[in-house]
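Peer 1: After the structure tokens below, expect a handful of questions from me.
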Amino acid sequence: MADLKFTDAVASSGERAAVEAVLGDERALVFEHPRLVRGGTRRRHRLRHMLLPALHALQNEAGWISKGGLNYVCEELQVPPAEAYGVASFYEMFRVDAAPNHDGPVTHVCIDGPCRAGSTEAIATVKAAGGHVHESPCLGQCERPTAVFIQGRRGPDMVAADADPFIRPQQDGTGLRLLQRLGVVDPNSLDSYREHGGYVALTKAITMGPDAVLAELSDSGLSGRGGAAFPTGFKWSAVRDAEGDTKHVVANCDESEPGTFKDRTIMENDPFSLIEAMTIAAVTTGSENGWIYIRGEYPLATARIENAIDQARSAGLLGDDVAGSGMTFDIEVRRGAGAYICGEETALFNSIEGFRGEPRNKPPFPTTHGLFNQPTAINNPETLLNVLPIVLEGAQDYRCIGTEGSPGTRLFCLSGAVSTPGTYEMPFGTTLRELLTLAGGVTGELQAVLLGGAAGSFVTAASLDMPLTLEDTRAAGTTLGSGVVMVFDTATDLTDMCTRIAEFFKNESCGQCVPCRVGAVRQHEMMVDLRSKNGVGLAPDKRQLHADMNSAMADASICGLGHTAGSAVASALALGLIGESS
Amino acid sequence: MTGTMNPSEVGVSIRTVTISIDDVDVKVPEGGTVLDGCKAAGIDTPTLCYSENLTPVNVCRVCVVELEGSRTLIPSCSRPAEEGMVIHTDSGRVRHSRKMVLEFLGSGVDLSQADDMNSWSEHYGADPDRYGPAAEKINEEVKIQDDLYIRDYDKCVLCYKCVEACGDDAQHTFAISVSGRGFAARISTEFDIALPDSACVYCGNCVAVCPTNALQFKTEWDLREAANWKPEEQTVTTTVCSYCGVGCNLEMHVQDNTIVKVTSPNDHSVTNGNLCIKGRFGWQYVQPTITTR
Amino acid sequence: MVGLATVLGAGGGTSSYQEIEETDVILLWGSNAREAHPIFFHHLLKGIDNGATMYAVDPRRTSSAKFADVWLGLEVGSDVALANTVAREIIAADLHNKDFVAHSTRGFDRLKEAVEPYTLERGSELTGVPAEAIREMAHAYATAETAQILWTLGITEHHNAVDNVLALCNLALLTGHVGCWGSGLVPLRGQNNVQGGGDMGSLPDQLPGFQKVNDDVARAKFEAVYGVELNPNPGIHLTLMFEAMERGEMKAVYVIGENPADSEADIHHARKMLEGLDLLVVQDIFMTRTAEMADVVLPAAIGWVESNGTVTSSERRVQRVRAAVTPPGEARDDIQIIFDIAARMGHDWGTPDAEQLWDELRTLSPMHAGMSWDRLESEGGLQWPCPNMDHPGSPFLHSWLWADDLEGREPAPFSALVHQGPKEQLSEKFPLRLTTGRALDSYNTGVQSGGYNSPIRYGDALDMNPADATSMGIQDGEKVQVSSARGTVEMAVRYQPDIPEGLTFTTFHFPELVDVNVMTSDAWDKRSGTAEFKAASIRVDKLKAVAL
Ligand SMILES: Cc1cc2nc3c(=O)[nH]c(=O)nc-3n(C[C@H](O)[C@H](O)[C@H](O)COP(=O)(O)O)c2cc1C
Ligand code: SF4
Ligand code: SF4
Ligand code: SF4
Ligand code: FES
């Protein structure tokens with residue numbers, strides 16, 4: 001609890017209604033009788049996770065988090081206004097400085113990666129039509145630049161390109177494990193999903209029992225696809241073994257690493273597979289609570305997932321007796337609100353819980369102290385999807401594809417200077433050259449490829465024959481990260497691109513720890529300076545300075561964002577892509 | 001028939017773990033941190049966001065040490081000691097990161113009144129000028145909104161201590177929080193409203209924990225402005241607050257027979273360093289200048 | 001602390017602050033500790049954070065009550081009724097600690113009989129609190145592993161203050177929530193060193209260390225050291241003193257550090273009595289209203305910051321106070337003044353020295369014997385009893401209740417109590433209840449706390465439920481006339497949804513602005529001498545329009 005004090009500002013009736021619609025019946029204070037009020041810390045903590053949805057409601061209604069609106073939410077949830085303001089001001093999609101001077105939606109235009117080239121024009125077009133623009137970091141639509149997202153006002157959010165039909169790049173579908181159903185199955189229909197082999201794996205997993213599933217999982221060598229490549233079997237076993245009655249399964253669908261859009265592709269086109277895989281995770285780890293945290297700029301994915309959850313629940317595949325197993329499991333969807341850092345697993349927990357999306361120090365790890373400080377299995381959707389073939393075919397068969405160190409297939413997000421950008425599934429060990437060829441080849445002359453996203457690093461044509469595995473990329477000092485393969489031809493100004501990457505980290509740093517908070521700013525300043533000199537002639541002492549900053553960020557930051565904030569720039573410098581003497 | 005005994009009287013045996021710090025074996029009570037181990041080994045460690053009366057937030061990263069087998073450095077202030085850990089507190093990596101943290105801070109924040117940090121900066125050879133005069137600064141105007149304490153966020157290193165003291169580590173008022181993100185993050189009330197309009201109850205517990213003097217009692221601020229702040233001439237006397245029966249220990253900081261500020265010892269079982277508005281600020285009637293005696 | 005002493009034999013809070021951090025259930029009863037004892041409340045908050053459930057019993061939904069899981073807003077003065085109802089429910093549900101009751105208490109049957117009429121329904125009628133909530137609190141308290149009851153002036157500033165305390169003691173005895181770590185009965189001392197004053201014998205019938213003046217053995221010990229004969233007859237407390245003044249029996253008064261001309265419940269009467277004295281001597285650090293009336297004023301040094309000595313806290317912790325600044329002008333240390341007066345009367349007591357005086361006390365008061373000056377310094381204070389130098393001090397009291405032989409003591413008595421309600425009934429003429437209390441940033445009559453510029457001070461206003469105020473056509477902030485049977489003041493109304501209809505509230509910190517104590521009731525408890533600050537009947541009238 002707290003000493004709550006509110007300013008005189010009151011919410012409009014629209015704001016009240018919008019908030020009430022998301023809060024439902026429960027309140028942090030219950031005025032049972034003129035002489036009896038129930039409240040208290042536990043009740044307040046239990047409801048705190050409604051803060052983020054309530055803020056979304058306010059933003060959508062008023063176009064900003066108004067003082068009165070914030071007061072109202074804080075009273076209903078008994079959250080101190082200063083804390084709620086701290087939370088609201090953390091997110092890109094929430095405006096806190098002043099009421100907007102218009103009543104319309106806001107058009108977010110991506111200024112990252114492949115969208116960068118066309119962004120100036122796109123912005124001008126929106127403005128010319130009287131629209132309101134917000135320059136946005138990567139919107140996760142890199143295969144169809146220039147990406148645009150429309151944040152609604154008193155209405156739904158929209159992405160115009162979502163109306164276009166989905167066409168899977170690998171049309172014939174041979175060899176596809178994870179993408180086999182995409183573009184084939186009706187994403188809105190459970191029946192269609194079942195017709196295409198859906199929910200067989202869950203039935204099998206229930207019959208096998210948790211120990212057998214865990215054994216297969218660990219034999220399969222599946223590792224996390226969210227960036228850190230942590231062994232999934234190990235993670236699930238730890239959650240199963242962790243003490244505590246309440247456990248959680250979380251799908252990390254924040255997907256904000258520049259250049260990444262595979263998770264959106266899955267959620268939009270095969271949402272039931274994610275629900276099924278999470279259900280297997282739940283019955284295997286003994287978790288009753290599921291959460292899907294989807295980045296706020298993915299309206300179609302959110303709608304498809306919500307629909308899939310509803311249908312699964314109606315069919316008894318979620319709820320009190322999952323598929324007749326006697327086990328309980330259900331899923332709640334949470335929307336992010338524009339913060340790359342909320343993809344970091346512990347920041348994501350804080351975000352769901354209604355706190356600022358700041359990463360926590362590890363240890364303790366999520367397997368014992370995750371969401372609400374309870375044991376939690378958090379995975380990337382791609383990781384989860386791999387569980388279906390592992391359960392169905394067994395670890396042995398699963399390992400037939402890929403390499404010893406990197407079994408299975410991998411989703412690659414190809415974007416930029418290739419003929420057919422999109423999400424591709426290929427066995428681990430495929431070379432970069434093969435991948436580029438698969439995507440129709442490089443348009444123009446290849447300058448560099450950014451592997452792993454903004455948190456990854458650049459490689460050049462010299463690396464075209466590198467097999468794309470965890471072990472080979474690691475040995476080459478680079479990373480697969482979230483599967484980003486962003487291709488740049490010689491027409492791209494990489495100094496500008498690196499300056500933008502530096503700016504991205506500066507903007508997206510949560511600001512908690514000194515190395516990242518200040519280091520990202522200093523790196524950006526250095527890049528701006530270099531760009532002003534047309535990208536040439538970086539003095540040796542500046543190179544040293546960057547090396548100093550990069551190593552401190554990598555060594556002393558709290559989380560992966562800081563650890564990798566200097567990596568792309570450092571690789572570009574090392575490869576001579578930027579900063580060479582003229 | 002027995003009632004429960006006071007655990008402290010039962011003589012609970014305290015279990016320890018042994019870790020190696022700079023090649024010396026050190027025993028740390030179970031649940032203790034690597035920093036506790038460093039203290040036990042007599043190793044001086046810089047800390048900024050750590051305080052014994054607050055939950056470690058491990059955000060400043062100036063206390064990092066090297067743990068063998070760990071990819072990155074670890075914050076000694078919050079990392080629980082585990083049996084068999086091998087720690088290095090003065091390796092090249094450690095010195096480099098500490099230096100960089102101090103340098104980064106110095107390049108954006110006014111550390112002029114953070115004496116501790118200045119000597120550490122010197123120790124590690126931090127050179128904030130490396131980033132040039134154009135390096136972005138915090139750039140905040142001092143906030144003087146009442147007669148009790150001022151907020152000069154130009155000096156703020158965002159250590160979160162004040163937020164913790166105001167929140168569930170002590171005061172549970174939650175008048176302030178971190179707002180914004182990244183370098184633009186600031187300690188703030190909701191919508192940055194003036195402190196007297198906020199939930200603040202003027203306990204001054206935030207001021208007490210601030211390591212850089214960004215939060216400063218108005219008395220100190222005024223004396224500094226008048227170039228009359230003389231810590232070397234001050235005496236500190238511990239006594240007990242007279243405003244209620246709880247028995248809070250007060251440290252009276254006195255300069256020229258005038259009380260200039262009041263603190264409370266962090267390690268006292270009654271206050272843990274915290275006071276209320278009366279104990280913290282209610283002494284003005286004592287001053288000879290305004291007494292009615 | 002007459003009530004506690006009656007039941008348990010020692011008038012001190014039973015528990016230390018650390019225990020509330022570890023207790024399971026907290027009943028905060030008639031205490032706004034968030035504002036009156038903020039640092040104690042920090043310990044309580046740790047308890048809540050560690051999982052304790054808190055019930056706040058108070059007519060107002062105070063800032064403390066807002067931290068509670070459940071607030072029970074009982075009618076002013078219905079504490080005995082509520083406690084009796086809780087007791088009856090505990091017995092009826094068979095949740096009392098039968099072993100403890102049989103072994104460590106006496107009078108259970110009497111209690112059972114006395115609380116029998118207080119069914120949940122009746123309790124609910126008398127207190128205004130829904131029966132279900134009373135039941136819930138009773139069960140939570142009784143079934144908790146450890147539980148504490150805390151109270152302050154809301155319990156003691158009533159005409160039946162002692163009954164209130166005894167009623168709470170009943171609950172602890174029924175459940176065995178006393179005498180062991182984590183459980184207890186904790187009166188929070190409103191003022192600095194009230195506990196210490198009691199320790200040092202400044203009660204009408206006591207010598208230092210809670211020894212009785214009419215106990216010949218104890219008195220003889222003091223007489224031997226002091227070298228004088230002591231009066232064996234108990235004296236009288238403040239309220240009786242005023243009655244003695246009224247009867248003309250008391251003609252001279254020496255006031256040290258009190259301001260009765262501002263702080264007594266019915267101050268018109270108090271001031272008249274003080275004016276009628278032959279001699280009034282006031283020793284104070286301020287020129288108070290009482291001092292202004294005095295024949296002789298002795299300017300004193302401030303105890304806590306200009307003198308050396310000790311004080312005792314609500315957890316019975318004796319701690320050192322030290323001079324940090326030198327007093328201005330002719331102000332002198334209290335003990336110096338007393339030494340000087342003794343000298344004028346022909347007794348040379350030498351030069352006062354706080355440590356010497358303390359060591360003398362240690363020879364006379366067994367519970368302080370182990371507290372050397374050095375130990376008080378090095379151990380951050382010690383909790384009494386601390387009978388010898390090897391004793392670590394006592395975090396909690398009354399472990400004897402759990403000893404097989406009760407350490408030779410009598411079992412603790414239950415008390416049979418009857419709900420009386422406030423002395424002053426509501427009437428057509430005075431239909432509203434007024435109760436008073438403290439604000440966080442102020443203290444008592446405000447003489448000290450007025451010295452700094454608090455940004456959160458809002459002044460004395462009459463808090464009213466907005467429904468009451470609007471039904472009388474009174475705006476928020478409107479100045480009104482507030483009257484009781486004893487007087488009338490003008491003050492502003494503040495809308496306060498946190499108090500139930502029919503109740504009003506004000507602080508009493510600004511006598512020069514608002515003579516609130518002009519209105520409060522002069523009923524008082526004969527046993528403890530506390531006046532009924534908590535329950536007056538008043539009326540509120542709109543001011544007549546002033547012709548311009
Ligand atoms: C700044 C940052 C952003 C991240 N964003 C994502 C993300 O959007 N999706 C994701 O699955 N993992 C993301 N991660 C990785 C997660 O922290 C975590 O490792 C992952 O969700 C675990 O799932 P996995 O084992 O299935 O990969 C991010 C990490 C960092 C440091
Ligand atoms: S590394 Fe950056 S994003 Fe991560 S916790 Fe530190 S400041 Fe926040
Ligand atoms: S003075 Fe107290 S209440 Fe106010 S901001 Fe500081 S810690 Fe919070
Ligand atoms: S104001 Fe002081 S205590 Fe608060 S975050 Fe800044 S430096 Fe830390
Ligand atoms: S003192 Fe350890 S991170 Fe700040």
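Ordering of the structure tokens sets the chain letters (A, B, ...); residue numbers start at 1 within each chain; ligands are numbered from 1 in the order shown.
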Do you have, as CSV, the list of residues of chain A lying at most 12 Å from ligand 3, each with its nearest atom pair and that distance in Å to one decimal, counting only C-alpha atoms and all ligand atoms and ordered by chain then number?

Peer 2:
```
residue,atom,partner,partner_atom_place_in_ligand_line,distance
A:Ala2,CA,ligand 3,3 (S),10.1
A:Asp3,CA,ligand 3,3 (S),8.7
A:Leu4,CA,ligand 3,3 (S),10.9
A:Lys5,CA,ligand 3,3 (S),11.3
A:Pro80,CA,ligand 3,8 (Fe),11.7
A:Ala82,CA,ligand 3,5 (S),10.3
```

Peer 1: Specify as an NGL selection string all residues of chain B found within 8 Å of chain C, counting only C-alpha atoms.

Peer 2: :B and (1-6 or 146-148 or 170-172 or 196 or 201-202 or 236-248 or 252 or 254 or 257-259 or 268-271 or 274-278 or 281-286 or 288 or 292-293)

Peer 1: Find, counting only C-alpha atoms, the residue in B:Ile87, B:Ala227, B:Ile138, B:Cys38 that gets nearest to chain A.

Peer 2: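 Comparing B:Ile87, B:Ala227, B:Ile138, B:Cys38 against chain A, the winner is B:Ile138.
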
Peer 1: Write as a ChimeraX atom specification the residues around ligand 1, taking 9 Å as the cut-off and counting only C-alpha atoms and all ligand atoms.

Peer 2: /A:223-232,235,250-257,260,263,294-295,340-348,359,377-384,455,481-482,508-509,559-564

Peer 1: Those selected residues, please, written with C-alpha atoms and delivered as a PDB file, in the first residue's frame.

Peer 2:
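Output contents, as saved in again34.pdb:
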```
ATOM      1  CA  SER A 223      17.713 -24.556 -27.893  1.00  0.00           C
ATOM      2  CA  GLY A 224      15.953 -21.224 -27.582  1.00  0.00           C
ATOM      3  CA  ARG A 225      15.305 -19.218 -30.714  1.00  0.00           C
ATOM      4  CA  GLY A 226      14.724 -15.900 -28.931  1.00  0.00           C
ATOM      5  CA  GLY A 227      18.387 -15.013 -29.059  1.00  0.00           C
ATOM      6  CA  ALA A 228      20.154 -16.648 -26.144  1.00  0.00           C
ATOM      7  CA  ALA A 229      20.009 -20.261 -27.437  1.00  0.00           C
ATOM      8  CA  PHE A 230      19.390 -21.728 -24.009  1.00  0.00           C
ATOM      9  CA  PRO A 231      18.538 -25.501 -23.960  1.00  0.00           C
ATOM     10  CA  THR A 232      14.774 -25.751 -23.742  1.00  0.00           C
ATOM     11  CA  LYS A 235      14.569 -24.934 -18.798  1.00  0.00           C
ATOM     12  CA  VAL A 250       4.912 -17.467 -21.187  1.00  0.00           C
ATOM     13  CA  ALA A 251       5.234 -17.011 -24.915  1.00  0.00           C
ATOM     14  CA  ASN A 252       7.559 -14.142 -25.641  1.00  0.00           C
ATOM     15  CA  CYS A 253       5.974 -12.565 -28.692  1.00  0.00           C
ATOM     16  CA  ASP A 254       7.400  -9.105 -28.170  1.00  0.00           C
ATOM     17  CA  GLU A 255       9.473  -9.515 -31.322  1.00  0.00           C
ATOM     18  CA  SER A 256      11.130  -6.110 -31.483  1.00  0.00           C
ATOM     19  CA  GLU A 257      14.647  -6.978 -32.567  1.00  0.00           C
ATOM     20  CA  THR A 260      12.741  -9.870 -36.982  1.00  0.00           C
ATOM     21  CA  ASP A 263       6.949 -14.697 -34.864  1.00  0.00           C
ATOM     22  CA  ILE A 294       2.548  -9.645 -28.001  1.00  0.00           C
ATOM     23  CA  ARG A 295       4.150  -6.422 -29.049  1.00  0.00           C
ATOM     24  CA  TYR A 340      12.185  -3.287 -27.284  1.00  0.00           C
ATOM     25  CA  ILE A 341      13.511  -4.052 -23.847  1.00  0.00           C
ATOM     26  CA  CYS A 342      10.251  -5.746 -22.878  1.00  0.00           C
ATOM     27  CA  GLY A 343      11.329  -8.688 -25.014  1.00  0.00           C
ATOM     28  CA  GLU A 344      14.022  -9.385 -22.452  1.00  0.00           C
ATOM     29  CA  GLU A 345      12.367 -12.058 -20.376  1.00  0.00           C
ATOM     30  CA  THR A 346      12.566 -10.467 -16.940  1.00  0.00           C
ATOM     31  CA  ALA A 347      11.615  -7.037 -18.286  1.00  0.00           C
ATOM     32  CA  LEU A 348       8.642  -8.762 -19.851  1.00  0.00           C
ATOM     33  CA  PRO A 359      15.199  -6.228 -16.589  1.00  0.00           C
ATOM     34  CA  ALA A 377       8.948 -21.252 -18.520  1.00  0.00           C
ATOM     35  CA  ILE A 378       9.337 -18.440 -21.016  1.00  0.00           C
ATOM     36  CA  ASN A 379      10.002 -19.209 -24.662  1.00  0.00           C
ATOM     37  CA  ASN A 380      10.046 -17.729 -28.053  1.00  0.00           C
ATOM     38  CA  PRO A 381       7.199 -18.892 -30.345  1.00  0.00           C
ATOM     39  CA  GLU A 382       9.646 -20.478 -32.767  1.00  0.00           C
ATOM     40  CA  THR A 383      11.159 -22.485 -29.935  1.00  0.00           C
ATOM     41  CA  LEU A 384       7.708 -23.599 -28.868  1.00  0.00           C
ATOM     42  CA  ALA A 455      22.069  -6.734 -31.405  1.00  0.00           C
ATOM     43  CA  GLY A 481      20.340 -14.120 -32.736  1.00  0.00           C
ATOM     44  CA  SER A 482      16.677 -14.063 -33.610  1.00  0.00           C
ATOM     45  CA  GLU A 508      15.581   1.630 -26.208  1.00  0.00           C
ATOM     46  CA  SER A 509      17.919   1.353 -23.225  1.00  0.00           C
ATOM     47  CA  CYS A 559      21.049  -7.379 -19.573  1.00  0.00           C
ATOM     48  CA  GLY A 560      21.523  -8.444 -23.141  1.00  0.00           C
ATOM     49  CA  LEU A 561      20.550  -5.074 -24.520  1.00  0.00           C
ATOM     50  CA  GLY A 562      23.561  -3.425 -22.970  1.00  0.00           C
ATOM     51  CA  HIS A 563      25.756  -6.430 -23.651  1.00  0.00           C
ATOM     52  CA  THR A 564      25.135  -6.159 -27.370  1.00  0.00           C
TER      53      THR A 564
END
```

Peer 1: Sorted by chain and rising residue number, list the residues of chain B at most 7 Å from chain A (counting only C-alpha atoms), each with its closest atom pair and distance in Å to one decimal, as CSV.

Peer 2:
```
residue,atom,partner,partner_atom,distance
B:Val59,CA,A:Cys513,CA,4.4
B:Cys60,CA,A:Val514,CA,5.4
B:Arg61,CA,A:Ala556,CA,6.3
B:Val64,CA,A:Ala556,CA,6.9
B:Thr72,CA,A:Asp555,CA,4.8
B:Leu73,CA,A:Asp555,CA,5.5
B:Ser97,CA,A:Ala552,CA,4.9
B:Met100,CA,A:Ala552,CA,6.5
B:Val101,CA,A:Pro515,CA,5.8
B:Phe104,CA,A:Val518,CA,5.9
B:His172,CA,A:Ala2,CA,5.1
B:Thr173,CA,A:Asp3,CA,4.7
B:Phe174,CA,A:Pro80,CA,6.1
B:Ala175,CA,A:Ala82,CA,5.8
B:Ile176,CA,A:Ala82,CA,5.4
B:Ser177,CA,A:Glu83,CA,5.4
B:Val178,CA,A:Gly86,CA,5.4
B:Ser179,CA,A:Gly86,CA,4.0
B:Gly180,CA,A:Ser89,CA,4.8
B:Arg181,CA,A:Cys510,CA,5.1
B:Gly182,CA,A:Gly511,CA,3.5
B:Phe183,CA,A:Arg517,CA,5.5
B:Ala185,CA,A:Gly511,CA,6.3
B:Thr189,CA,A:Ala82,CA,5.0
B:Glu190,CA,A:Ala82,CA,4.2
B:Phe191,CA,A:Tyr85,CA,6.8
B:Ser198,CA,A:Lys5,CA,6.7
B:Ala199,CA,A:Lys5,CA,5.0
```

Peer 1: Now that the selection is made, can you save its residues with C-alpha atoms as a PDB file, in the first residue's frame?

Peer 2:
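Below is the file again.pdb, written as the result:
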```
ATOM      1  CA  VAL B  59      22.033  -0.667 -11.264  1.00  0.00           C
ATOM      2  CA  CYS B  60      25.130   1.489 -10.978  1.00  0.00           C
ATOM      3  CA  ARG B  61      27.541  -1.378 -11.756  1.00  0.00           C
ATOM      4  CA  VAL B  64      31.313  -5.244 -10.371  1.00  0.00           C
ATOM      5  CA  THR B  72      30.063 -11.127 -17.763  1.00  0.00           C
ATOM      6  CA  LEU B  73      31.133  -9.341 -14.611  1.00  0.00           C
ATOM      7  CA  SER B  97      34.517  -1.512 -16.182  1.00  0.00           C
ATOM      8  CA  MET B 100      34.199   3.314 -17.500  1.00  0.00           C
ATOM      9  CA  VAL B 101      31.193   3.480 -15.197  1.00  0.00           C
ATOM     10  CA  PHE B 104      30.327   7.676 -17.986  1.00  0.00           C
ATOM     11  CA  HIS B 172       5.747   3.143   1.529  1.00  0.00           C
ATOM     12  CA  THR B 173       4.602   6.545   0.313  1.00  0.00           C
ATOM     13  CA  PHE B 174       5.648   6.122  -3.325  1.00  0.00           C
ATOM     14  CA  ALA B 175       5.657   9.854  -4.015  1.00  0.00           C
ATOM     15  CA  ILE B 176       8.455   9.516  -6.544  1.00  0.00           C
ATOM     16  CA  SER B 177       9.390   7.047  -9.202  1.00  0.00           C
ATOM     17  CA  VAL B 178      11.663   6.729 -12.162  1.00  0.00           C
ATOM     18  CA  SER B 179       9.946   8.116 -15.243  1.00  0.00           C
ATOM     19  CA  GLY B 180      10.935   8.077 -18.879  1.00  0.00           C
ATOM     20  CA  ARG B 181      13.507   5.728 -20.324  1.00  0.00           C
ATOM     21  CA  GLY B 182      17.190   5.555 -21.092  1.00  0.00           C
ATOM     22  CA  PHE B 183      19.246   8.706 -20.694  1.00  0.00           C
ATOM     23  CA  ALA B 185      14.925   8.733 -17.348  1.00  0.00           C
ATOM     24  CA  THR B 189       6.488  12.748  -9.269  1.00  0.00           C
ATOM     25  CA  GLU B 190       3.519  12.009 -11.504  1.00  0.00           C
ATOM     26  CA  PHE B 191       3.626  14.448 -14.410  1.00  0.00           C
ATOM     27  CA  SER B 198       2.416  15.138  -4.536  1.00  0.00           C
ATOM     28  CA  ALA B 199       1.962  12.382  -1.986  1.00  0.00           C
TER      29      ALA B 199
END
```

Peer 1: Where does chain C meet chain A within 7 Å, residue by residue, with the nearest atom pair and distance in Å to one decimal for each, counting only C-alpha atoms, listed by chain and rising number, as JSON lines?

Peer 2:
```
{"residue": "C:Phe67", "atom": "CA", "partner": "A:Gly40", "partner_atom": "CA", "distance": 5.6}
{"residue": "C:Ala68", "atom": "CA", "partner": "A:Gly40", "partner_atom": "CA", "distance": 5.1}
{"residue": "C:Asp69", "atom": "CA", "partner": "A:Gly40", "partner_atom": "CA", "distance": 4.0}
{"residue": "C:Val70", "atom": "CA", "partner": "A:Arg38", "partner_atom": "CA", "distance": 4.5}
{"residue": "C:Trp71", "atom": "CA", "partner": "A:Val37", "partner_atom": "CA", "distance": 5.2}
{"residue": "C:Leu72", "atom": "CA", "partner": "A:Leu36", "partner_atom": "CA", "distance": 5.1}
{"residue": "C:Gly73", "atom": "CA", "partner": "A:Arg35", "partner_atom": "CA", "distance": 4.3}
{"residue": "C:Leu74", "atom": "CA", "partner": "A:Arg35", "partner_atom": "CA", "distance": 6.7}
{"residue": "C:Gly128", "atom": "CA", "partner": "A:Arg35", "partner_atom": "CA", "distance": 6.9}
{"residue": "C:Val129", "atom": "CA", "partner": "A:Arg35", "partner_atom": "CA", "distance": 5.7}
{"residue": "C:Pro500", "atom": "CA", "partner": "A:Pro34", "partner_atom": "CA", "distance": 6.1}
```
